[in-house]
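This is work_11.cif. It holds mmCIF, C-alpha atoms, pLDDT in the B column; chains and numbers go by the auth columns.
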data_input
#
loop_
_atom_site.group_PDB
_atom_site.id
_atom_site.type_symbol
_atom_site.label_atom_id
_atom_site.label_comp_id
_atom_site.label_asym_id
_atom_site.label_seq_id
_atom_site.Cartn_x
_atom_site.Cartn_y
_atom_site.Cartn_z
_atom_site.B_iso_or_equiv
_atom_site.auth_seq_id
_atom_site.auth_asym_id
ATOM 1 C CA ARG A 1 9.042 108.535 -86.701 65.00 31 A
ATOM 2 C CA ILE A 2 7.470 109.331 -83.328 65.00 32 A
ATOM 3 C CA PRO A 3 3.629 109.329 -83.247 72.00 33 A
ATOM 4 C CA THR A 4 2.140 112.795 -82.665 73.00 34 A
ATOM 5 C CA LYS A 5 0.632 112.037 -79.215 71.00 35 A
ATOM 6 C CA ALA A 6 3.917 110.571 -77.984 70.00 36 A
ATOM 7 C CA ALA A 7 5.839 113.569 -79.307 68.00 37 A
ATOM 8 C CA VAL A 8 3.473 115.976 -77.538 66.00 38 A
ATOM 9 C CA ARG A 9 3.853 114.055 -74.252 71.00 39 A
ATOM 10 C CA ILE A 10 7.639 114.120 -74.576 72.00 40 A
ATOM 11 C CA LEU A 11 7.615 117.850 -75.272 71.00 41 A
ATOM 12 C CA CYS A 12 5.237 118.513 -72.336 69.00 42 A
ATOM 13 C CA SER A 13 7.399 116.481 -69.957 72.00 43 A
ATOM 14 C CA ALA A 14 10.536 118.247 -71.150 72.00 44 A
ATOM 15 C CA GLU A 15 8.852 121.639 -70.704 74.00 45 A
ATOM 16 C CA LEU A 16 7.711 120.767 -67.155 72.00 46 A
ATOM 17 C CA GLY A 17 11.252 119.699 -66.287 72.00 47 A
ATOM 18 C CA ARG A 18 12.676 122.883 -67.818 71.00 48 A
ATOM 19 C CA ARG A 19 10.234 125.065 -65.876 69.00 49 A
ATOM 20 C CA ILE A 20 10.944 123.333 -62.566 66.00 50 A
ATOM 21 C CA ALA A 21 14.693 123.589 -63.127 65.00 51 A
ATOM 22 C CA SER A 22 14.563 127.250 -64.176 63.00 52 A
ATOM 23 C CA THR A 23 12.367 128.522 -61.359 56.00 53 A
ATOM 24 C CA SER A 24 13.935 130.231 -58.406 56.00 54 A
ATOM 25 C CA ARG A 25 13.694 128.580 -55.035 55.00 55 A
ATOM 26 C CA GLN A 26 10.743 130.781 -54.029 58.00 56 A
ATOM 27 C CA GLU A 27 8.791 129.899 -57.184 76.00 57 A
ATOM 28 C CA ARG A 28 8.955 126.111 -56.904 83.00 58 A
ATOM 29 C CA PRO A 29 5.537 124.539 -56.422 91.00 59 A
ATOM 30 C CA GLN A 30 4.841 122.909 -53.066 94.00 60 A
ATOM 31 C CA ILE A 31 3.161 119.546 -52.685 96.00 61 A
ATOM 32 C CA LEU A 32 1.086 119.578 -49.506 94.00 62 A
ATOM 33 C CA THR A 33 -1.935 117.521 -50.601 94.00 63 A
ATOM 34 C CA PRO A 34 -2.689 114.804 -53.161 94.00 64 A
ATOM 35 C CA GLU A 35 -4.563 117.459 -55.171 95.00 65 A
ATOM 36 C CA ASP A 36 -1.331 119.473 -55.474 96.00 66 A
ATOM 37 C CA ALA A 37 0.402 116.429 -56.984 96.00 67 A
ATOM 38 C CA ILE A 38 -2.563 115.609 -59.215 95.00 68 A
ATOM 39 C CA GLY A 39 -2.443 119.123 -60.622 93.00 69 A
ATOM 40 C CA ILE A 40 1.037 118.343 -61.908 93.00 70 A
ATOM 41 C CA LEU A 41 0.639 114.676 -62.852 94.00 71 A
ATOM 42 C CA LEU A 42 -2.906 113.977 -64.074 90.00 72 A
ATOM 43 C CA GLU A 43 -2.917 115.400 -67.592 84.00 73 A
ATOM 44 C CA ASP A 44 0.529 113.990 -68.340 85.00 74 A
ATOM 45 C CA MET A 45 -0.303 110.474 -67.125 92.00 75 A
ATOM 46 C CA ARG A 46 -4.008 109.791 -67.681 87.00 76 A
ATOM 47 C CA TYR A 47 -3.782 108.823 -71.370 89.00 77 A
ATOM 48 C CA LEU A 48 -0.600 106.756 -71.280 93.00 78 A
ATOM 49 C CA LYS A 49 -1.039 103.323 -72.870 92.00 79 A
ATOM 50 C CA LYS A 50 1.553 101.612 -70.655 95.00 80 A
ATOM 51 C CA GLU A 51 2.072 101.849 -66.914 95.00 81 A
ATOM 52 C CA HIS A 52 4.513 104.609 -66.011 96.00 82 A
ATOM 53 C CA PHE A 53 5.887 104.758 -62.471 96.00 83 A
ATOM 54 C CA LYS A 54 7.056 108.241 -61.505 97.00 84 A
ATOM 55 C CA ALA A 55 8.442 109.987 -58.454 97.00 85 A
ATOM 56 C CA LEU A 56 8.094 113.590 -57.364 97.00 86 A
ATOM 57 C CA LEU A 57 11.203 114.467 -55.368 98.00 87 A
ATOM 58 C CA LEU A 58 10.649 117.098 -52.695 98.00 88 A
ATOM 59 C CA ASN A 59 12.903 119.150 -50.440 97.00 89 A
ATOM 60 C CA VAL A 60 12.297 119.786 -46.728 96.00 90 A
ATOM 61 C CA GLN A 61 9.763 122.535 -47.572 96.00 91 A
ATOM 62 C CA ASN A 62 7.828 120.073 -49.790 96.00 92 A
ATOM 63 C CA GLU A 63 8.918 121.995 -52.896 97.00 93 A
ATOM 64 C CA ILE A 64 9.471 120.026 -56.093 97.00 94 A
ATOM 65 C CA ILE A 65 13.097 119.260 -56.839 96.00 95 A
ATOM 66 C CA SER A 66 12.282 117.142 -59.889 96.00 96 A
ATOM 67 C CA LEU A 67 9.871 114.708 -61.494 96.00 97 A
ATOM 68 C CA GLU A 68 11.510 111.390 -62.351 97.00 98 A
ATOM 69 C CA THR A 69 10.285 108.516 -64.503 96.00 99 A
ATOM 70 C CA ILE A 70 11.328 105.410 -62.599 97.00 100 A
ATOM 71 C CA SER A 71 9.907 102.707 -64.845 95.00 101 A
ATOM 72 C CA ILE A 72 7.817 102.201 -67.971 95.00 102 A
ATOM 73 C CA GLY A 73 6.095 98.860 -67.996 88.00 103 A
ATOM 74 C CA THR A 74 3.434 97.069 -69.984 89.00 104 A
ATOM 75 C CA LEU A 75 -0.320 97.479 -70.286 86.00 105 A
ATOM 76 C CA ASP A 76 -0.905 96.333 -66.716 84.00 106 A
ATOM 77 C CA THR A 77 2.471 96.111 -64.951 84.00 107 A
ATOM 78 C CA ALA A 78 5.396 98.370 -64.135 86.00 108 A
ATOM 79 C CA MET A 79 8.294 96.648 -62.403 87.00 109 A
ATOM 80 C CA VAL A 80 9.708 98.768 -59.583 94.00 110 A
ATOM 81 C CA HIS A 81 12.640 97.974 -57.332 93.00 111 A
ATOM 82 C CA PRO A 82 13.514 100.165 -54.323 95.00 112 A
ATOM 83 C CA ARG A 83 17.048 100.660 -55.669 94.00 113 A
ATOM 84 C CA GLU A 84 15.759 102.348 -58.832 95.00 114 A
ATOM 85 C CA ALA A 85 12.803 104.081 -57.169 97.00 115 A
ATOM 86 C CA LEU A 86 14.825 105.743 -54.408 97.00 116 A
ATOM 87 C CA GLY A 87 18.110 106.255 -56.299 97.00 117 A
ATOM 88 C CA PRO A 88 17.134 109.652 -57.785 97.00 118 A
ATOM 89 C CA ALA A 89 16.006 110.874 -54.336 97.00 119 A
ATOM 90 C CA LEU A 90 19.403 109.943 -52.885 96.00 120 A
ATOM 91 C CA ARG A 91 21.318 111.573 -55.741 96.00 121 A
ATOM 92 C CA LYS A 92 19.291 114.805 -55.476 97.00 122 A
ATOM 93 C CA SER A 93 19.137 114.889 -51.656 97.00 123 A
ATOM 94 C CA ALA A 94 15.340 114.760 -51.489 98.00 124 A
ATOM 95 C CA ALA A 95 13.722 114.766 -48.052 97.00 125 A
ATOM 96 C CA TYR A 96 10.395 113.400 -49.297 98.00 126 A
ATOM 97 C CA ILE A 97 9.213 111.385 -52.241 98.00 127 A
ATOM 98 C CA LEU A 98 5.745 110.941 -53.686 98.00 128 A
ATOM 99 C CA PHE A 99 5.196 108.008 -56.008 98.00 129 A
ATOM 100 C CA ALA A 100 2.598 107.923 -58.759 97.00 130 A
ATOM 101 C CA HIS A 101 1.720 105.516 -61.500 96.00 131 A
ATOM 102 C CA ASN A 102 -1.092 105.216 -63.991 96.00 132 A
ATOM 103 C CA HIS A 103 -3.512 102.420 -64.768 95.00 133 A
ATOM 104 C CA PRO A 104 -4.103 102.463 -68.540 94.00 134 A
ATOM 105 C CA SER A 105 -7.468 100.735 -67.961 93.00 135 A
ATOM 106 C CA GLY A 106 -8.680 104.027 -66.459 93.00 136 A
ATOM 107 C CA ASN A 107 -9.592 102.376 -63.134 95.00 137 A
ATOM 108 C CA PRO A 108 -7.313 103.738 -60.389 96.00 138 A
ATOM 109 C CA THR A 109 -8.110 101.049 -57.809 96.00 139 A
ATOM 110 C CA PRO A 110 -4.765 99.860 -56.370 96.00 140 A
ATOM 111 C CA SER A 111 -3.894 96.214 -56.970 95.00 141 A
ATOM 112 C CA PRO A 112 -2.420 93.950 -54.280 95.00 142 A
ATOM 113 C CA ALA A 113 0.915 94.275 -56.136 94.00 143 A
ATOM 114 C CA ASP A 114 0.644 98.089 -55.923 96.00 144 A
ATOM 115 C CA ILE A 115 0.132 97.864 -52.154 96.00 145 A
ATOM 116 C CA ASP A 116 3.002 95.381 -51.702 96.00 146 A
ATOM 117 C CA THR A 117 5.379 97.503 -53.794 96.00 147 A
ATOM 118 C CA THR A 118 4.473 100.627 -51.835 97.00 148 A
ATOM 119 C CA ALA A 119 5.050 98.857 -48.508 97.00 149 A
ATOM 120 C CA ARG A 120 8.520 97.785 -49.695 96.00 150 A
ATOM 121 C CA LEU A 121 9.311 101.334 -50.860 97.00 151 A
ATOM 122 C CA MET A 122 8.205 102.770 -47.511 97.00 152 A
ATOM 123 C CA VAL A 123 10.507 100.401 -45.598 97.00 153 A
ATOM 124 C CA ALA A 124 13.445 101.185 -47.891 97.00 154 A
ATOM 125 C CA GLY A 125 12.734 104.915 -47.647 97.00 155 A
ATOM 126 C CA GLU A 126 12.685 104.721 -43.866 96.00 156 A
ATOM 127 C CA VAL A 127 16.075 103.002 -43.846 96.00 157 A
ATOM 128 C CA LEU A 128 17.496 105.702 -46.138 96.00 158 A
ATOM 129 C CA GLY A 129 15.873 108.640 -44.333 96.00 159 A
ATOM 130 C CA ILE A 130 13.555 109.531 -47.222 97.00 160 A
ATOM 131 C CA GLU A 131 9.907 109.744 -46.226 97.00 161 A
ATOM 132 C CA VAL A 132 7.389 108.349 -48.703 97.00 162 A
ATOM 133 C CA MET A 133 4.708 111.031 -48.634 97.00 163 A
ATOM 134 C CA ASP A 134 2.084 109.163 -50.699 97.00 164 A
ATOM 135 C CA HIS A 135 1.494 106.841 -53.622 98.00 165 A
ATOM 136 C CA ILE A 136 -1.119 107.976 -56.103 97.00 166 A
ATOM 137 C CA VAL A 137 -2.666 105.740 -58.753 97.00 167 A
ATOM 138 C CA ILE A 138 -3.980 107.715 -61.713 96.00 168 A
ATOM 139 C CA GLY A 139 -6.864 106.599 -63.885 94.00 169 A
ATOM 140 C CA ASP A 140 -8.730 108.392 -66.643 90.00 170 A
ATOM 141 C CA GLY A 141 -9.577 111.686 -64.954 88.00 171 A
ATOM 142 C CA ASN A 142 -9.580 110.226 -61.441 93.00 172 A
ATOM 143 C CA TYR A 143 -7.104 108.950 -58.869 96.00 173 A
ATOM 144 C CA VAL A 144 -6.628 107.084 -55.602 97.00 174 A
ATOM 145 C CA SER A 145 -4.284 108.422 -52.942 97.00 175 A
ATOM 146 C CA PHE A 146 -2.994 105.682 -50.653 97.00 176 A
ATOM 147 C CA ARG A 147 -2.643 108.212 -47.823 96.00 177 A
ATOM 148 C CA GLU A 148 -6.192 109.577 -48.229 95.00 178 A
ATOM 149 C CA GLN A 149 -7.596 106.059 -48.341 95.00 179 A
ATOM 150 C CA GLY A 150 -5.610 104.935 -45.287 94.00 180 A
ATOM 151 C CA ILE A 151 -3.743 102.311 -47.312 94.00 181 A
ATOM 152 C CA LEU A 152 -0.498 101.736 -45.365 89.00 182 A
ATOM 153 C CA TRP A 153 -0.941 105.150 -43.640 82.00 183 A
ATOM 154 C CA GLU A 154 -3.252 104.109 -40.835 74.00 184 A
#

In structure tokens, how does this file's structure come out?
Amino acid sequence: RIPTKAAVRILCSAELGRRIASTSRQERPQILTPEDAIGILLEDMRYLKKEHFKALLLNVQNEIISLETISIGTLDTAMVHPREALGPALRKSAAYILFAHNHPSGNPTPSPADIDTTARLMVAGEVLGIEVMDHIVIGDGNYVSFREQGILWE
């Protein structure tokens, strides 16, 4: 039996995916700022008890193609390899990718491992022609955007 909160999250994620897939090209939401991404990600990710690493795949107009769960980790770690993180973007011909993961502690301050992982993803994305637009760490009602903070985007 699935706990009620987990079932609600699954249903919400499925509904978001259904809505994105069923919208016409003109109706797809655009991601131009971290706040645009937070509007889509925050409520879904802020209460998760394990780290979830997700990717918003975007077309050349910064419209959402899909939201992908790349990895589900433990209380304080989500293992991410460029092969798995960028694979969905290659398969769906995304021009841009925005990464996001949560910190179950509620504190969105990026760890050294978060910064290292993002640097590796940026290099791999550059090689593949997929621009990493941002990496957002989500806490309990707050977030840190690497791009806004000048982390790796200096």

Picked residues, the PyMOL selection byres ((chain A and resi 182) around 10), as a PyMOL selection string: chain A and resi 145-146+148-149+152+164-165+176-177+179-181+183-184

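In terms of minimum interatomic distance to Ile127 in chain A, A:Leu87 ranks closest within A:Pro64, A:Leu87, A:Glu57, A:Tyr173, counting all atoms listed in the file.
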
Using the chain letters and numbers from the file, which residues does the PyMOL selection byres ((chain A and resi 78-84) around 7) grab, as a PyMOL selection string? chain A and resi 75-77+85-86+98-108+129-134

Give me, as a ChimeraX atom specification, all polymer residues having an atom no more than 9 Å from His111 in chain A, counting only C-alpha atoms and skipping those fewer than 5 positions away in the same chain. /A:116,147,150-151

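Taking CA of Leu88 in chain A and CA of Ile168 in chain A as endpoints, the distance between them is 19.6 Å.
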
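Going from CA of Asp66 in chain A over to CA of Leu97 in chain A, you cover 13.6 Å.
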
Given only C-alpha atoms as the counted atoms, nearest of A:Ala115, A:Ile68, A:Ala143, A:Leu46 to Ile95 in chain A: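 When distances to Ile95 in chain A are compared using only C-alpha atoms, the smallest one comes from A:Leu46.
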
Proximity to Ile160 in chain A - best of A:Gly47, A:Gly69, A:Pro33, A:Gly117, only C-alpha atoms: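 The answer is A:Gly117, which sits nearest to Ile160 in chain A.
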
Mind pulling up the distance from CA of Ser135 in chain A to CA of Ile166 in chain A? 15.3 Å

Would you compute an axis-aligned box for range 157-172 of chain A, covering every atom listed for it in the file with 6 Å of margin on each side, and report centre and edge lengths in Å to one decimal as JSON?
{"center_x": 4.0, "center_y": 107.3, "center_z": -55.2, "size_x": 39.1, "size_y": 20.7, "size_z": 34.8}

Among A:Gln91, A:Asp170, A:Glu73, A:Arg48, Pro138 in chain A is approached most closely, using only C-alpha atoms, by A:Asp170

Ranking A:Leu71, A:Tyr126, A:Ala119, A:Val153 by minimum distance to Glu93 in chain A and counting all atoms listed in the file, which one comes first?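 Closest candidate: A:Tyr126.
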